[in-house]
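S.K.: Submitted below is the structure of interest, expressed as structure tokens.
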Amino acid sequence: MSGLGATLFGGWLADRLRSRFAASYFLVSGAGMALAFPCTLAMLFAPFPLAWVFAFGAVFFLFFNIGPANTALANVVPASVRSSAFALNILTIHALGDAISPTLIGAVADRSNMNLGFMLVSGTMLVAAVLWFIGMRWLPQDVERAAARDAEKQPV
């Protein structure tokens with residue numbers, strides 16, 4: 001439930017913030033990743049049942065970027081290749097995320113412990129947050145260029 005709720009709420013929030021921040025889709029995505037990291041760490045070290053609260057928060061904030069990221073992608077990719085762009089995006093996030101992370105966590109856990117494995121993999125959340133925040137600089141121009149490109153292709 002936290003994933004679906006976060007996807008919807010993240011998209012809604014980014015739309016609401018768009019009038020104040022042209023790059024709101026990347027702002028919300030970056031904020032979600034930045035907040036997922038401490039929730040993940042807290043989940044690792046909190047006693048149960050409190051750890052479940054942090055697990056919910058970690059999943060919630062990890063999914064917080066789905067709506068805004070998909071909207072940004074749809075806003076900058078030409079309609080003729082949009083389905084391919086979404087397919088490549090899905091392949092990439094799964095290949096670099098849920099497909100490889102168990103192996104990485106296990107490899108670290110074999111040499112040290114499971115918590116260290118989770119902390120190492122969770123560090124990618126901070127990297128993702130930084131990349132979203134850096135991307136904020138270019139998103140408004142990319143959206144404008146895409147809109148101009150699409151307007152040129154419209155029959156009069």
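Following the order of the structure tokens, first chain is A, next is B, and so on, with residues numbered from 1 inside each chain and ligands from 1 in the order they appear.
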Residues of region 37-111 of chain A within 8 Å of region 125-146 of chain A: nearest atom pair and distance (Å, one decimal) for each, counting only C-alpha atoms, sorted by chain and number, as a tab-separated table?
M.R.:
```
residue	atom	partner	partner_atom	distance
A:Phe37	CA	A:Met125	CA	5.9
A:Ala72	CA	A:Leu139	CA	7.9
A:Asn75	CA	A:Val143	CA	5.9
A:Val76	CA	A:Ala146	CA	5.2
A:Val77	CA	A:Ala146	CA	7.0
A:Pro78	CA	A:Ala146	CA	7.2
```
S.K.: Please extract the residues of region 42-133 of chain A with a backbone DSSP assignment of helix (DSSP H, G or I) and present them as a PDB file with C-alpha atoms, in the first residue's frame.
M.R.:
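Output saved as out.pdb:
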```pdb
ATOM      1  CA  ALA A  42      16.595   3.504  10.716  1.00  0.00           C
ATOM      2  CA  MET A  43      14.810   0.308   9.689  1.00  0.00           C
ATOM      3  CA  LEU A  44      18.083  -1.617   9.973  1.00  0.00           C
ATOM      4  CA  PHE A  45      18.778  -0.514  13.518  1.00  0.00           C
ATOM      5  CA  LEU A  50       9.206   0.019  15.288  1.00  0.00           C
ATOM      6  CA  ALA A  51      11.341  -1.164  12.355  1.00  0.00           C
ATOM      7  CA  TRP A  52       8.109  -1.746  10.403  1.00  0.00           C
ATOM      8  CA  VAL A  53       7.324   1.979  10.590  1.00  0.00           C
ATOM      9  CA  PHE A  54      10.696   2.785   9.058  1.00  0.00           C
ATOM     10  CA  ALA A  55      10.269   0.020   6.462  1.00  0.00           C
ATOM     11  CA  PHE A  56       6.973   1.603   5.433  1.00  0.00           C
ATOM     12  CA  GLY A  57       8.699   4.996   5.186  1.00  0.00           C
ATOM     13  CA  ALA A  58      11.575   3.586   3.142  1.00  0.00           C
ATOM     14  CA  VAL A  59       9.221   1.949   0.627  1.00  0.00           C
ATOM     15  CA  PHE A  60       6.986   5.018   0.566  1.00  0.00           C
ATOM     16  CA  PHE A  61       9.824   7.389  -0.258  1.00  0.00           C
ATOM     17  CA  LEU A  62      11.404   4.986  -2.754  1.00  0.00           C
ATOM     18  CA  PHE A  63       8.138   4.974  -4.706  1.00  0.00           C
ATOM     19  CA  ILE A  66       7.559   7.082  -9.782  1.00  0.00           C
ATOM     20  CA  GLY A  67       4.743   9.486 -10.702  1.00  0.00           C
ATOM     21  CA  PRO A  68       6.930  12.572 -11.158  1.00  0.00           C
ATOM     22  CA  ALA A  69       9.660  10.669 -13.012  1.00  0.00           C
ATOM     23  CA  ASN A  70       7.176   9.133 -15.442  1.00  0.00           C
ATOM     24  CA  THR A  71       5.576  12.534 -16.037  1.00  0.00           C
ATOM     25  CA  ALA A  72       8.958  14.140 -16.714  1.00  0.00           C
ATOM     26  CA  LEU A  73       9.827  11.331 -19.111  1.00  0.00           C
ATOM     27  CA  ALA A  74       6.533  11.710 -20.962  1.00  0.00           C
ATOM     28  CA  ASN A  75       7.040  15.487 -21.155  1.00  0.00           C
ATOM     29  CA  VAL A  76      10.450  15.348 -22.857  1.00  0.00           C
ATOM     30  CA  ALA A  79       5.509  10.572 -28.866  1.00  0.00           C
ATOM     31  CA  SER A  80       6.976   8.426 -31.634  1.00  0.00           C
ATOM     32  CA  VAL A  81       9.511   6.834 -29.262  1.00  0.00           C
ATOM     33  CA  ARG A  82       7.745   7.291 -25.923  1.00  0.00           C
ATOM     34  CA  SER A  83       6.837   3.623 -25.484  1.00  0.00           C
ATOM     35  CA  SER A  84      10.447   2.621 -26.169  1.00  0.00           C
ATOM     36  CA  ALA A  85      11.683   5.235 -23.702  1.00  0.00           C
ATOM     37  CA  PHE A  86       9.392   3.892 -20.999  1.00  0.00           C
ATOM     38  CA  ALA A  87      10.483   0.326 -21.762  1.00  0.00           C
ATOM     39  CA  LEU A  88      14.159   1.297 -21.534  1.00  0.00           C
ATOM     40  CA  ASN A  89      13.471   3.157 -18.273  1.00  0.00           C
ATOM     41  CA  ILE A  90      11.742   0.119 -16.758  1.00  0.00           C
ATOM     42  CA  LEU A  91      14.541  -2.192 -17.885  1.00  0.00           C
ATOM     43  CA  THR A  92      17.196   0.123 -16.435  1.00  0.00           C
ATOM     44  CA  ILE A  93      15.573   0.638 -13.050  1.00  0.00           C
ATOM     45  CA  HIS A  94      15.029  -3.077 -12.613  1.00  0.00           C
ATOM     46  CA  ALA A  95      18.479  -4.072 -13.892  1.00  0.00           C
ATOM     47  CA  LEU A  96      20.237  -1.568 -11.637  1.00  0.00           C
ATOM     48  CA  SER A 101      20.795  -5.436  -5.292  1.00  0.00           C
ATOM     49  CA  PRO A 102      20.172  -8.873  -3.687  1.00  0.00           C
ATOM     50  CA  THR A 103      23.420 -10.158  -5.183  1.00  0.00           C
ATOM     51  CA  LEU A 104      25.345  -7.111  -3.976  1.00  0.00           C
ATOM     52  CA  ILE A 105      23.827  -7.295  -0.497  1.00  0.00           C
ATOM     53  CA  GLY A 106      24.623 -11.003  -0.321  1.00  0.00           C
ATOM     54  CA  ALA A 107      28.194 -10.506  -1.492  1.00  0.00           C
ATOM     55  CA  VAL A 108      28.816  -7.874   1.179  1.00  0.00           C
ATOM     56  CA  ALA A 109      26.993  -9.932   3.821  1.00  0.00           C
ATOM     57  CA  ASP A 110      29.210 -12.948   3.023  1.00  0.00           C
ATOM     58  CA  ARG A 111      32.289 -10.847   3.756  1.00  0.00           C
ATOM     59  CA  MET A 114      23.779  -8.030   6.233  1.00  0.00           C
ATOM     60  CA  ASN A 115      23.388  -4.523   7.682  1.00  0.00           C
ATOM     61  CA  LEU A 116      26.542  -3.361   5.935  1.00  0.00           C
ATOM     62  CA  GLY A 117      25.229  -4.849   2.688  1.00  0.00           C
ATOM     63  CA  PHE A 118      21.979  -2.932   3.038  1.00  0.00           C
ATOM     64  CA  MET A 119      23.825   0.275   3.935  1.00  0.00           C
ATOM     65  CA  LEU A 120      26.072  -0.013   0.899  1.00  0.00           C
ATOM     66  CA  VAL A 121      23.206  -0.612  -1.509  1.00  0.00           C
ATOM     67  CA  SER A 122      21.120   2.062   0.203  1.00  0.00           C
ATOM     68  CA  GLY A 123      23.859   4.568  -0.523  1.00  0.00           C
ATOM     69  CA  THR A 124      22.679   4.508  -4.122  1.00  0.00           C
ATOM     70  CA  MET A 125      19.586   6.345  -2.886  1.00  0.00           C
ATOM     71  CA  LEU A 126      21.797   9.302  -2.010  1.00  0.00           C
ATOM     72  CA  VAL A 127      23.468   9.119  -5.412  1.00  0.00           C
ATOM     73  CA  ALA A 128      20.039   9.085  -7.050  1.00  0.00           C
ATOM     74  CA  ALA A 129      18.898  12.076  -4.977  1.00  0.00           C
ATOM     75  CA  VAL A 130      21.957  14.072  -6.033  1.00  0.00           C
ATOM     76  CA  LEU A 131      21.382  13.180  -9.694  1.00  0.00           C
ATOM     77  CA  TRP A 132      17.707  14.242  -9.485  1.00  0.00           C
ATOM     78  CA  PHE A 133      18.731  17.545  -7.889  1.00  0.00           C
TER      79      PHE A 133
END
```
S.K.: Between A:Val28, A:Ala23, A:Leu41, A:Met1, which one has atoms that come closest to Asn65 (chain A), using only C-alpha atoms?
M.R.: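 Ranked by minimum distance to Asn65 (chain A), first place goes to A:Val28.
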S.K.: Tell me, in Å to one decimal, how far CA of Ala34 (chain A) is from CA of Leu17 (chain A).
M.R.: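 Between these atoms lies a distance of 17.9 Å.
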S.K.: Please report the interatomic distance between CA of Tyr25 (chain A) and CA of Gly11 (chain A) in Å with one decimal.
M.R.: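 For CA of Tyr25 (chain A) relative to CA of Gly11 (chain A), the distance reads 7.8 Å.
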S.K.: Can you work out which one of A:Ala46, A:Phe64, A:Glu152, A:Ser24 has the shortest atom-to-atom distance to Gly10 (chain A), counting only C-alpha atoms?
M.R.: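 Of all the options, A:Phe64 lies closest to Gly10 (chain A).
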